$ cat target_24.txt   # compact mmCIF, C-alpha atoms
# COMPACT_ATOMS: atom_id res chain seq x y z
CA MET A 10 94.71 138.52 149.03
CA SER A 11 92.14 140.16 146.74
CA GLU A 12 94.75 140.34 143.97
CA THR A 13 95.39 136.61 144.26
CA LYS A 14 91.66 135.97 144.06
CA ALA A 15 91.37 138.17 140.98
CA ILE A 16 94.21 136.29 139.27
CA ALA A 17 92.55 132.97 140.08
CA THR A 18 89.24 134.24 138.67
CA ARG A 19 90.89 135.40 135.43
CA THR A 20 92.68 132.06 135.10
CA SER A 21 89.42 130.19 135.61
CA ARG A 22 87.62 132.29 133.00
CA LYS A 23 90.46 131.83 130.54
CA ALA A 24 90.29 128.07 131.04
CA GLN A 25 86.52 128.12 130.46
CA HIS A 26 86.90 130.17 127.27
CA THR A 27 89.60 127.80 126.03
CA LEU A 28 87.35 124.80 126.66
CA LEU A 29 84.41 126.49 124.88
CA ARG A 30 86.57 127.26 121.84
CA PHE A 31 87.77 123.67 121.85
CA LEU A 32 84.20 122.36 121.94
CA ALA A 33 83.13 124.77 119.18
CA ARG A 34 85.94 123.56 116.91
CA ARG A 35 84.98 119.96 117.53
CA ALA A 36 81.31 120.73 116.82
CA VAL A 37 82.13 122.40 113.48
CA THR A 38 84.37 119.49 112.50
CA SER A 39 81.59 117.05 113.39
CA VAL A 40 79.10 118.84 111.13
CA ILE A 41 81.54 118.65 108.21
CA LEU A 42 82.18 114.98 108.86
CA LEU A 43 78.44 114.33 109.08
CA PHE A 44 77.94 115.75 105.58
CA GLY A 45 80.76 113.52 104.37
CA ILE A 46 79.07 110.49 105.94
CA VAL A 47 75.79 111.32 104.18
CA LEU A 48 77.59 111.73 100.86
CA VAL A 49 79.53 108.49 101.17
CA THR A 50 76.59 106.37 102.30
CA PHE A 51 74.41 107.67 99.47
CA SER A 52 77.20 107.10 96.93
CA LEU A 53 77.57 103.48 98.01
CA THR A 54 73.93 102.78 97.21
CA VAL A 55 74.44 104.18 93.71
CA ILE A 56 77.42 102.01 92.84
CA VAL A 57 76.15 98.83 94.56
CA PRO A 58 75.85 95.96 92.03
CA GLY A 59 72.49 94.40 91.27
CA ASP A 60 69.00 95.67 90.48
CA PRO A 61 67.07 96.82 93.58
CA VAL A 62 63.80 96.87 91.63
CA ARG A 63 64.09 93.20 90.68
CA ALA A 64 65.18 92.29 94.21
CA ALA A 65 62.17 94.06 95.73
CA LEU A 66 59.49 92.98 93.24
CA GLY A 67 60.71 89.51 92.40
CA GLU A 68 61.24 87.99 88.97
CA GLY A 69 57.54 87.77 88.08
CA ALA A 70 56.55 91.37 88.81
CA ALA A 71 59.85 92.73 87.51
CA SER A 72 59.04 91.33 84.05
CA ASN A 73 56.10 93.75 83.80
CA PRO A 74 57.39 97.13 82.47
CA ALA A 75 54.40 99.05 83.87
CA THR A 76 54.93 97.64 87.36
CA VAL A 77 58.65 98.40 87.21
CA GLU A 78 58.04 101.98 86.06
CA ALA A 79 55.45 102.59 88.78
CA PHE A 80 57.86 101.23 91.38
CA ARG A 81 60.72 103.41 90.15
CA GLN A 82 58.53 106.52 90.20
CA LYS A 83 57.24 105.75 93.70
CA TYR A 84 60.75 105.51 95.18
CA GLY A 85 62.36 108.16 92.97
CA LEU A 86 64.64 105.72 91.17
CA ASP A 87 63.74 107.30 87.81
CA GLN A 88 65.40 110.61 88.82
CA PRO A 89 69.04 111.58 88.09
CA VAL A 90 71.50 110.76 90.83
CA TRP A 91 72.13 114.38 91.86
CA ILE A 92 68.39 115.07 92.20
CA ARG A 93 67.96 111.91 94.27
CA PHE A 94 70.80 113.07 96.54
CA PHE A 95 69.24 116.48 97.22
CA ILE A 96 65.86 114.86 97.81
CA TYR A 97 67.53 112.46 100.23
CA VAL A 98 69.28 115.27 102.12
CA GLY A 99 66.04 117.23 102.31
CA ASN A 100 64.25 114.21 103.74
CA LEU A 101 67.06 113.71 106.27
CA LEU A 102 66.64 117.26 107.52
CA ARG A 103 63.01 116.38 108.28
CA GLY A 104 64.05 113.15 110.01
CA ASP A 105 62.80 110.98 107.15
CA LEU A 106 65.10 108.09 106.18
CA GLY A 107 62.66 106.79 103.60
CA THR A 108 60.62 103.60 103.44
CA SER A 109 62.13 100.15 103.38
CA LEU A 110 61.55 98.43 100.05
CA LYS A 111 61.24 95.04 101.73
CA SER A 112 59.30 95.64 104.95
CA GLY A 113 57.25 98.58 103.71
CA GLN A 114 57.92 100.33 107.04
CA PRO A 115 59.78 103.60 107.57
CA VAL A 116 63.51 102.90 107.87
CA SER A 117 63.64 105.11 110.96
CA ALA A 118 61.02 102.89 112.64
CA ASP A 119 62.98 99.74 111.78
CA LEU A 120 66.21 101.26 113.09
CA ALA A 121 64.47 102.45 116.25
CA LYS A 122 63.91 98.77 117.07
CA ALA A 123 67.25 97.42 115.83
CA VAL A 124 69.67 99.98 117.29
CA PRO A 125 68.60 99.63 120.97
CA ALA A 126 68.84 95.84 120.67
CA THR A 127 72.45 96.06 119.54
CA ALA A 128 73.23 98.91 121.92
CA GLU A 129 72.07 96.81 124.87
CA ILE A 130 74.52 93.96 124.28
CA ALA A 131 77.29 96.41 123.32
CA PHE A 132 76.78 98.49 126.46
CA TYR A 133 76.98 95.57 128.85
CA ALA A 134 79.86 94.04 126.92
CA ILE A 135 81.99 97.20 127.06
CA ILE A 136 81.28 97.74 130.78
CA ILE A 137 82.29 94.18 131.66
CA SER A 138 85.28 94.25 129.30
CA LEU A 139 86.62 97.52 130.67
CA ALA A 140 86.30 96.43 134.31
CA VAL A 141 88.04 93.10 133.72
CA ALA A 142 90.69 94.57 131.40
CA ILE A 143 91.73 97.27 133.87
CA VAL A 144 92.21 94.70 136.63
CA LEU A 145 94.06 92.14 134.47
CA GLY A 146 96.12 94.69 132.51
CA THR A 147 97.20 96.60 135.62
CA LEU A 148 98.02 93.39 137.47
CA ALA A 149 100.08 92.10 134.54
CA ALA A 150 101.97 95.38 134.22
CA TYR A 151 102.68 95.67 137.94
CA ARG A 152 103.99 92.09 137.97
CA ARG A 153 105.90 92.47 134.73
CA GLY A 154 107.87 89.37 133.76
CA LYS A 155 106.39 87.23 136.54
CA VAL A 156 104.04 84.26 136.31
CA THR A 157 100.93 86.44 136.56
CA ASP A 158 102.09 88.55 133.63
CA GLN A 159 102.85 85.50 131.50
CA VAL A 160 99.49 83.89 132.24
CA VAL A 161 97.56 87.06 131.37
CA ARG A 162 99.46 87.50 128.11
CA VAL A 163 98.83 83.90 127.05
CA VAL A 164 95.13 84.10 127.93
CA THR A 165 94.65 87.35 126.01
CA LEU A 166 96.51 85.93 123.01
CA ILE A 167 94.10 82.99 122.99
CA GLY A 168 91.17 85.39 123.26
CA LEU A 169 92.40 87.37 120.25
CA SER A 170 93.00 84.21 118.21
CA ILE A 171 89.58 82.59 118.57
CA PRO A 172 87.08 83.74 115.87
CA THR A 173 84.06 85.44 117.40
CA PHE A 174 81.49 83.55 115.33
CA TRP A 175 83.07 80.21 116.28
CA MET A 176 82.97 81.16 119.95
CA ALA A 177 79.32 82.15 119.56
CA ILE A 178 78.43 78.76 118.06
CA LEU A 179 80.45 76.90 120.71
CA THR A 180 78.90 78.72 123.67
CA TYR A 181 75.39 78.34 122.23
CA GLN A 182 75.82 74.60 121.79
CA LEU A 183 77.41 74.14 125.21
CA PHE A 184 75.50 76.44 127.56
CA PHE A 185 72.09 76.30 125.90
CA MET A 186 71.78 73.11 123.88
CA GLN A 187 73.73 70.82 126.23
CA LEU A 188 73.70 72.30 129.74
CA HIS A 189 70.51 74.43 129.51
CA TRP A 190 72.06 77.04 131.78
CA VAL A 191 70.84 80.06 129.83
CA SER A 192 67.93 81.01 127.62
CA GLY A 193 67.91 80.49 123.87
CA SER A 194 67.90 82.89 120.95
CA GLY A 195 66.19 86.26 120.67
CA ARG A 196 65.84 89.06 123.20
CA ILE A 197 63.11 87.38 125.27
CA SER A 198 61.18 84.12 125.36
CA PRO A 199 58.05 83.80 123.18
CA THR A 200 55.87 83.58 126.28
CA ILE A 201 57.17 86.87 127.71
CA THR A 202 55.58 90.18 126.70
CA PRO A 203 58.02 92.95 125.68
CA PRO A 204 58.13 95.82 128.18
CA PRO A 205 56.63 99.25 127.47
CA ARG A 206 59.30 101.17 125.58
CA ILE A 207 61.15 103.69 127.75
CA THR A 208 64.86 103.32 126.97
CA GLY A 209 64.80 100.49 124.42
CA PHE A 210 66.92 98.36 126.76
CA TYR A 211 64.69 95.47 127.82
CA THR A 212 66.56 94.92 131.09
CA ILE A 213 66.18 98.56 132.15
CA ASP A 214 62.59 98.87 130.90
CA TYR A 215 61.55 95.74 132.81
CA LEU A 216 63.13 97.14 135.98
CA LEU A 217 61.43 100.51 135.53
CA ASN A 218 58.10 98.70 135.19
CA GLY A 219 58.77 96.43 138.18
CA ASP A 220 58.64 93.23 136.11
CA SER A 221 61.16 90.89 137.72
CA VAL A 222 60.12 87.89 135.58
CA GLY A 223 60.75 89.78 132.36
CA PHE A 224 64.02 91.19 133.72
CA LEU A 225 65.41 87.75 134.57
CA ASP A 226 64.32 86.40 131.20
CA ALA A 227 66.02 89.28 129.38
CA ILE A 228 69.20 88.74 131.41
CA GLY A 229 69.16 85.06 130.46
CA HIS A 230 68.99 85.93 126.76
CA LEU A 231 71.69 88.59 127.11
CA ALA A 232 74.18 86.33 128.85
CA LEU A 233 75.68 84.49 125.88
CA PRO A 234 75.88 87.39 123.35
CA VAL A 235 77.47 89.61 125.99
CA LEU A 236 79.89 86.84 127.00
CA VAL A 237 81.03 86.23 123.42
CA LEU A 238 81.50 89.94 122.65
CA SER A 239 83.25 90.51 125.98
CA LEU A 240 85.86 87.78 125.51
CA PHE A 241 87.44 89.34 122.43
CA THR A 242 87.11 92.89 123.77
CA ILE A 243 88.67 91.93 127.11
CA ALA A 244 91.66 90.43 125.31
CA THR A 245 92.16 93.59 123.23
CA LEU A 246 91.73 96.05 126.08
CA THR A 247 93.84 94.05 128.54
CA ARG A 248 96.90 94.09 126.30
CA PHE A 249 96.50 97.81 125.70
CA VAL A 250 95.98 98.58 129.40
CA ARG A 251 99.11 96.60 130.23
CA THR A 252 101.16 98.60 127.71
CA SER A 253 99.78 101.96 128.89
CA VAL A 254 100.34 101.16 132.56
CA LEU A 255 103.91 99.99 131.86
CA GLU A 256 104.69 103.32 130.19
CA VAL A 257 103.39 105.27 133.18
CA LEU A 258 105.20 103.04 135.70
CA ASP A 259 108.50 103.97 134.06
CA MET A 260 107.83 107.72 134.35
CA ASP A 261 109.60 109.82 136.95
CA TYR A 262 106.55 110.80 139.00
CA ALA A 263 105.50 107.17 139.40
CA ARG A 264 109.01 106.21 140.48
CA ALA A 265 109.06 109.13 142.91
CA ALA A 266 105.76 107.98 144.42
CA ARG A 267 107.16 104.51 144.99
CA ALA A 268 110.37 105.98 146.42
CA LYS A 269 108.33 107.89 148.99
CA GLY A 270 107.17 104.58 150.39
CA LEU A 271 103.58 104.71 149.11
CA SER A 272 101.84 101.36 148.86
CA GLY A 273 101.58 99.70 145.48
CA ARG A 274 97.79 100.03 145.45
CA ARG A 275 97.96 103.75 146.18
CA VAL A 276 100.56 104.31 143.47
CA VAL A 277 98.50 102.43 140.90
CA VAL A 278 95.15 104.05 141.74
CA GLY A 279 96.37 107.54 142.53
CA TYR A 280 99.10 107.96 139.92
CA VAL A 281 99.39 105.22 137.33
CA LEU A 282 95.77 104.74 136.24
CA ARG A 283 95.21 108.48 136.03
CA GLY A 284 98.21 108.85 133.78
CA ALA A 285 97.17 105.93 131.59
CA ALA A 286 93.50 106.99 131.35
CA LEU A 287 93.69 109.03 128.13
CA PRO A 288 95.08 106.38 125.75
CA ILE A 289 92.80 103.76 127.32
CA LEU A 290 89.84 106.08 126.75
CA THR A 291 90.65 106.23 123.05
CA LEU A 292 90.67 102.47 122.62
CA VAL A 293 87.48 102.08 124.66
CA GLY A 294 85.73 104.46 122.27
CA ILE A 295 86.94 102.50 119.25
CA ALA A 296 85.97 99.18 120.84
CA PHE A 297 82.50 100.44 121.73
CA GLY A 298 81.96 101.65 118.17
CA SER A 299 83.05 98.26 116.85
CA LEU A 300 80.63 96.49 119.18
CA LEU A 301 77.77 98.69 118.02
CA SER A 302 78.46 98.26 114.32
CA GLY A 303 80.18 94.88 113.93
CA THR A 304 78.02 92.31 115.71
CA VAL A 305 76.34 90.80 112.64
CA LEU A 306 77.80 87.29 113.08
CA VAL A 307 77.01 87.14 116.78
CA GLU A 308 73.49 88.41 116.15
CA ALA A 309 73.03 85.80 113.42
CA VAL A 310 74.00 82.94 115.75
CA PHE A 311 71.73 84.10 118.58
CA ALA A 312 68.91 85.40 116.31
CA TRP A 313 69.30 88.79 117.92
CA PRO A 314 67.11 91.40 116.14
CA GLY A 315 69.75 94.10 116.13
CA LEU A 316 71.51 96.43 113.73
CA GLY A 317 73.78 93.72 112.31
CA THR A 318 70.86 91.45 111.41
CA TYR A 319 68.96 94.36 109.89
CA ALA A 320 72.00 95.42 107.83
CA TYR A 321 72.53 91.87 106.55
CA ASN A 322 68.90 91.48 105.47
CA ALA A 323 68.89 94.91 103.83
CA SER A 324 72.07 94.13 101.87
CA LYS A 325 70.81 90.68 100.84
CA ASN A 326 67.57 92.16 99.48
CA LEU A 327 69.22 95.25 97.90
CA ASP A 328 67.02 97.45 100.09
CA LEU A 329 68.84 100.68 99.21
CA LEU A 330 67.13 103.04 101.65
CA ALA A 331 67.62 100.56 104.49
CA VAL A 332 71.29 100.11 103.54
CA THR A 333 71.73 103.89 103.45
CA GLY A 334 70.02 104.21 106.83
CA VAL A 335 72.31 101.60 108.39
CA GLY A 336 75.39 103.23 106.91
CA LEU A 337 74.30 106.61 108.19
CA VAL A 338 73.61 105.26 111.69
CA VAL A 339 76.99 103.49 111.85
CA GLY A 340 78.76 106.63 110.68
CA VAL A 341 76.95 108.77 113.23
CA ILE A 342 77.77 106.24 115.97
CA TYR A 343 81.50 106.57 115.30
CA LEU A 344 81.17 110.34 114.92
CA VAL A 345 79.43 110.72 118.29
CA ILE A 346 81.85 108.39 120.04
CA ASN A 347 84.88 110.24 118.65
CA LEU A 348 83.32 113.56 119.64
CA VAL A 349 82.68 112.34 123.19
CA VAL A 350 86.25 111.01 123.43
CA ASP A 351 87.66 114.32 122.16
CA VAL A 352 85.58 116.28 124.66
CA LEU A 353 86.68 114.04 127.53
CA TYR A 354 90.27 114.48 126.38
CA GLY A 355 89.86 118.24 126.55
CA VAL A 356 88.23 118.09 129.96
CA LEU A 357 90.79 115.72 131.48
CA ASP A 358 93.92 117.16 129.86
CA PRO A 359 94.12 120.97 129.31
CA ARG A 360 97.08 120.47 126.94
CA VAL A 361 94.70 118.98 124.37
CA ARG A 362 92.60 122.17 124.33
CA LEU A 363 95.65 124.34 123.74
CA SER A 364 97.22 122.24 121.01

$ encode --input "target_24.txt" --output "structure tokens"
Amino acid sequence: MSETKAIATRTSRKAQHTLLRFLARRAVTSVILLFGIVLVTFSLTVIVPGDPVRAALGEGAASNPATVEAFRQKYGLDQPVWIRFFIYVGNLLRGDLGTSLKSGQPVSADLAKAVPATAEIAFYAIIISLAVAIVLGTLAAYRRGKVTDQVVRVVTLIGLSIPTFWMAILTYQLFFMQLHWVSGSGRISPTITPPPRITGFYTIDYLLNGDSVGFLDAIGHLALPVLVLSLFTIATLTRFVRTSVLEVLDMDYARAARAKGLSGRRVVVGYVLRGAALPILTLVGIAFGSLLSGTVLVEAVFAWPGLGTYAYNASKNLDLLAVTGVGLVVGVIYLVINLVVDVLYGVLDPRVRLS
């Protein structure tokens, strides 16, 4: 008995060591990728067309050589590219993303306001999308070839075909302008005071402060952006869930479970969804990253002060440090999401750690 226990202990320790080595490899890879992100984002600001000095100062001030020279010296634009890069990396190590040429505020402060705004709609959108997609995709797969399957496939095809910005305009006109069912643009109404910052999510911060009026107002403003982002994401995830579940249903262990007389619900929950979890997890990570970094059109329609709006304004005004900050944040978002997905892969499937 003691020998069996010793073998089990050694096996457990070996599994822990394997997982730690797996996590260490992923951490080293992430550091290398992070340096690549910094290099690429900085390089893009160097090759971007246009004159950032003229865009920041305007035509009148830019015609004064002394003003232009003072501006270039202040922001280090008179230095060679390689010196500017090392200065930029040194500032990053201190947590300094520079000062926005347009707003005059630290880029990190601007992003601290914009990122939570986008993250809030992306978080709720991915939660709703995943819940609906799992139900619809599993139902369509389990009833393959039947009416339910056909209806789900047609609906998801329509969802993939409708442009997101057009859906945003349509829902805004219908539910706000015509029916007045939801609140208008922005994160909250002008008469509502923003909550004390705790998480950056207005809905959560209002709840933590016991402000039910602010919470309901924030929910009303969230409804349409989340709905628009969810529709496309639900269509994408549903089709992928259906494919993944179909593959697992055709495997031997799923057939054996059905042959034993287990109910369809028990087979799906206990066997099929567990087997299909890993590929679904990958797509969820990609979809969440896309929601965090690709909501500029939706934010423009609903006047949402998020990362997409900030990136658009920075690009329009050739605000190089702001553009670099946005690029860095987007790159880090995808890097963190991929790292989390890889770690969950290793935790859920030991074969990934060993490969």

$ closest_residue --input "target_24.txt" --among "A:Ala75, A:Val141, A:Leu233, A:Leu282" --to "His189 in chain A" --atoms "all atoms listed in the file"
A:Leu233

$ closest_residue --input "target_24.txt" --among "A:Gly45, A:Val332, A:Pro234, A:Tyr354" --to "Leu106 in chain A" --atoms "only C-alpha atoms"
A:Val332

$ residues_around --input "target_24.txt" --residues "Pro288 in chain A" --least-positions-apart "5" --cutoff "10 Å" --atoms "all atoms listed in the file" --output "MDAnalysis selection string"
chainID A and resid 249:250 253 293 354

$ residues_near_point --input "target_24.txt" --point "(96.5, 83.6, 123.9)" --cutoff "12 Å" --atoms "all atoms listed in the file" --output "PyMOL selection string"
chain A and resi 159-171+240-241+243-245+247-248

$ write_last_selection --input "target_24.txt" --atoms "C-alpha atoms" --output "PDB file, keeping the file's coordinate frame"
ATOM      1  CA  GLN A 159     102.850  85.500 131.500  1.00  0.00           C
ATOM      2  CA  VAL A 160      99.490  83.890 132.240  1.00  0.00           C
ATOM      3  CA  VAL A 161      97.560  87.060 131.370  1.00  0.00           C
ATOM      4  CA  ARG A 162      99.460  87.500 128.110  1.00  0.00           C
ATOM      5  CA  VAL A 163      98.830  83.900 127.050  1.00  0.00           C
ATOM      6  CA  VAL A 164      95.130  84.100 127.930  1.00  0.00           C
ATOM      7  CA  THR A 165      94.650  87.350 126.010  1.00  0.00           C
ATOM      8  CA  LEU A 166      96.510  85.930 123.010  1.00  0.00           C
ATOM      9  CA  ILE A 167      94.100  82.990 122.990  1.00  0.00           C
ATOM     10  CA  GLY A 168      91.170  85.390 123.260  1.00  0.00           C
ATOM     11  CA  LEU A 169      92.400  87.370 120.250  1.00  0.00           C
ATOM     12  CA  SER A 170      93.000  84.210 118.210  1.00  0.00           C
ATOM     13  CA  ILE A 171      89.580  82.590 118.570  1.00  0.00           C
ATOM     14  CA  LEU A 240      85.860  87.780 125.510  1.00  0.00           C
ATOM     15  CA  PHE A 241      87.440  89.340 122.430  1.00  0.00           C
ATOM     16  CA  ILE A 243      88.670  91.930 127.110  1.00  0.00           C
ATOM     17  CA  ALA A 244      91.660  90.430 125.310  1.00  0.00           C
ATOM     18  CA  THR A 245      92.160  93.590 123.230  1.00  0.00           C
ATOM     19  CA  THR A 247      93.840  94.050 128.540  1.00  0.00           C
ATOM     20  CA  ARG A 248      96.900  94.090 126.300  1.00  0.00           C
TER      21      ARG A 248
END

$ atom_distance --input "target_24.txt" --atom1 "CA of Val352 in chain A" --atom2 "CA of Ala36 in chain A"
10.0 Å

$ residues_near_point --input "target_24.txt" --point "(68.5, 102.2, 122.4)" --cutoff "6 Å" --atoms "all atoms listed in the file" --output "ChimeraX atom specification"
/A:124-125,128,208-209

$ closest_residue --input "target_24.txt" --among "A:Leu316, A:Ala140, A:Ala263, A:Ile201" --to "Ala126 in chain A" --atoms "all atoms listed in the file"
A:Leu316

$ closest_residue --input "target_24.txt" --among "A:Leu148, A:Leu290, A:Ala232, A:Ile213" --to "Phe184 in chain A" --atoms "all atoms listed in the file"
A:Ala232

$ closest_residue --input "target_24.txt" --among "A:Ile46, A:Leu29, A:Leu145, A:Leu238" --to "Phe174 in chain A" --atoms "only C-alpha atoms"
A:Leu238

$ closest_residue --input "target_24.txt" --among "A:Thr157, A:Thr50, A:Thr127, A:Ser117" --to "Arg196 in chain A" --atoms "all atoms listed in the file"
A:Thr127

$ atom_distance --input "target_24.txt" --atom1 "CA of Lys111 in chain A" --atom2 "CA of Tyr97 in chain A"
18.6 Å

$ closest_atom_pairs --input "target_24.txt" --of "range 113-185 of chain A" --to "range 318-327 of chain A" --cutoff "12 Å" --atoms "all atoms listed in the file" --output "JSON lines"
{"residue": "A:Val116", "atom": "CA", "partner": "A:Tyr319", "partner_atom": "CA", "distance": 10.3}
{"residue": "A:Ala118", "atom": "CA", "partner": "A:Tyr319", "partner_atom": "CA", "distance": 12.0}
{"residue": "A:Asp119", "atom": "CA", "partner": "A:Tyr319", "partner_atom": "CA", "distance": 8.3}
{"residue": "A:Leu120", "atom": "CA", "partner": "A:Tyr319", "partner_atom": "CA", "distance": 8.1}
{"residue": "A:Ala121", "atom": "CA", "partner": "A:Tyr319", "partner_atom": "CA", "distance": 11.2}
{"residue": "A:Lys122", "atom": "CA", "partner": "A:Tyr319", "partner_atom": "CA", "distance": 9.8}
{"residue": "A:Ala123", "atom": "CA", "partner": "A:Tyr319", "partner_atom": "CA", "distance": 6.9}
{"residue": "A:Val124", "atom": "CA", "partner": "A:Tyr319", "partner_atom": "CA", "distance": 9.3}
{"residue": "A:Ala126", "atom": "CA", "partner": "A:Thr318", "partner_atom": "CA", "distance": 10.4}
{"residue": "A:Thr127", "atom": "CA", "partner": "A:Thr318", "partner_atom": "CA", "distance": 9.5}

$ residues_around --input "target_24.txt" --residues "range 218-229 of chain A" --least-positions-apart "2" --cutoff "9 Å" --atoms "all atoms listed in the file" --output "PyMOL selection string"
chain A and resi 190-193+196-198+201-205+211-216+231-233

$ build_atoms --input "target_24.txt" --residues "range 318-332 of chain A" --atoms "N, CA, C and O atoms" --output "mmCIF file, keeping the file's coordinate frame"
data_model
loop_
_atom_site.group_PDB
_atom_site.id
_atom_site.type_symbol
_atom_site.label_atom_id
_atom_site.label_comp_id
_atom_site.auth_asym_id
_atom_site.auth_seq_id
_atom_site.Cartn_x
_atom_site.Cartn_y
_atom_site.Cartn_z
ATOM 1 N N THR A 318 71.831 92.274 112.130
ATOM 2 C CA THR A 318 70.860 91.450 111.410
ATOM 3 C C THR A 318 70.085 92.285 110.398
ATOM 4 O O THR A 318 69.856 91.857 109.258
ATOM 5 N N TYR A 319 69.699 93.480 110.797
ATOM 6 C CA TYR A 319 68.960 94.360 109.890
ATOM 7 C C TYR A 319 69.828 94.755 108.686
ATOM 8 O O TYR A 319 69.351 94.772 107.540
ATOM 9 N N ALA A 320 71.099 95.043 108.929
ATOM 10 C CA ALA A 320 72.000 95.420 107.830
ATOM 11 C C ALA A 320 72.209 94.252 106.877
ATOM 12 O O ALA A 320 72.235 94.438 105.650
ATOM 13 N N TYR A 321 72.339 93.049 107.407
ATOM 14 C CA TYR A 321 72.530 91.870 106.550
ATOM 15 C C TYR A 321 71.306 91.642 105.663
ATOM 16 O O TYR A 321 71.429 91.412 104.459
ATOM 17 N N ASN A 322 70.118 91.696 106.251
ATOM 18 C CA ASN A 322 68.900 91.480 105.470
ATOM 19 C C ASN A 322 68.709 92.573 104.426
ATOM 20 O O ASN A 322 68.267 92.298 103.299
ATOM 21 N N ALA A 323 69.034 93.816 104.787
ATOM 22 C CA ALA A 323 68.890 94.910 103.830
ATOM 23 C C ALA A 323 69.856 94.746 102.659
ATOM 24 O O ALA A 323 69.485 94.963 101.495
ATOM 25 N N SER A 324 71.085 94.332 102.933
ATOM 26 C CA SER A 324 72.070 94.130 101.870
ATOM 27 C C SER A 324 71.675 92.951 100.984
ATOM 28 O O SER A 324 71.803 93.010 99.752
ATOM 29 N N LYS A 325 71.196 91.875 101.598
ATOM 30 C CA LYS A 325 70.810 90.680 100.840
ATOM 31 C C LYS A 325 69.671 90.979 99.876
ATOM 32 O O LYS A 325 69.625 90.443 98.767
ATOM 33 N N ASN A 326 68.744 91.852 100.291
ATOM 34 C CA ASN A 326 67.570 92.160 99.480
ATOM 35 C C ASN A 326 67.739 93.427 98.646
ATOM 36 O O ASN A 326 66.770 93.884 98.033
ATOM 37 N N LEU A 327 68.953 94.008 98.630
ATOM 38 C CA LEU A 327 69.220 95.250 97.900
ATOM 39 C C LEU A 327 68.222 96.347 98.277
ATOM 40 O O LEU A 327 67.718 97.079 97.426
ATOM 41 N N ASP A 328 67.924 96.428 99.562
ATOM 42 C CA ASP A 328 67.020 97.450 100.090
ATOM 43 C C ASP A 328 67.837 98.732 100.281
ATOM 44 O O ASP A 328 68.417 98.968 101.347
ATOM 45 N N LEU A 329 67.882 99.577 99.241
ATOM 46 C CA LEU A 329 68.840 100.680 99.210
ATOM 47 C C LEU A 329 68.619 101.680 100.341
ATOM 48 O O LEU A 329 69.584 102.136 100.962
ATOM 49 N N LEU A 330 67.375 102.052 100.592
ATOM 50 C CA LEU A 330 67.130 103.040 101.650
ATOM 51 C C LEU A 330 67.478 102.475 103.017
ATOM 52 O O LEU A 330 67.984 103.202 103.883
ATOM 53 N N ALA A 331 67.233 101.186 103.226
ATOM 54 C CA ALA A 331 67.620 100.560 104.490
ATOM 55 C C ALA A 331 69.130 100.494 104.627
ATOM 56 O O ALA A 331 69.686 100.753 105.698
ATOM 57 N N VAL A 332 69.823 100.153 103.520
ATOM 58 C CA VAL A 332 71.290 100.110 103.540
ATOM 59 C C VAL A 332 71.849 101.494 103.842
ATOM 60 O O VAL A 332 72.783 101.654 104.642
#
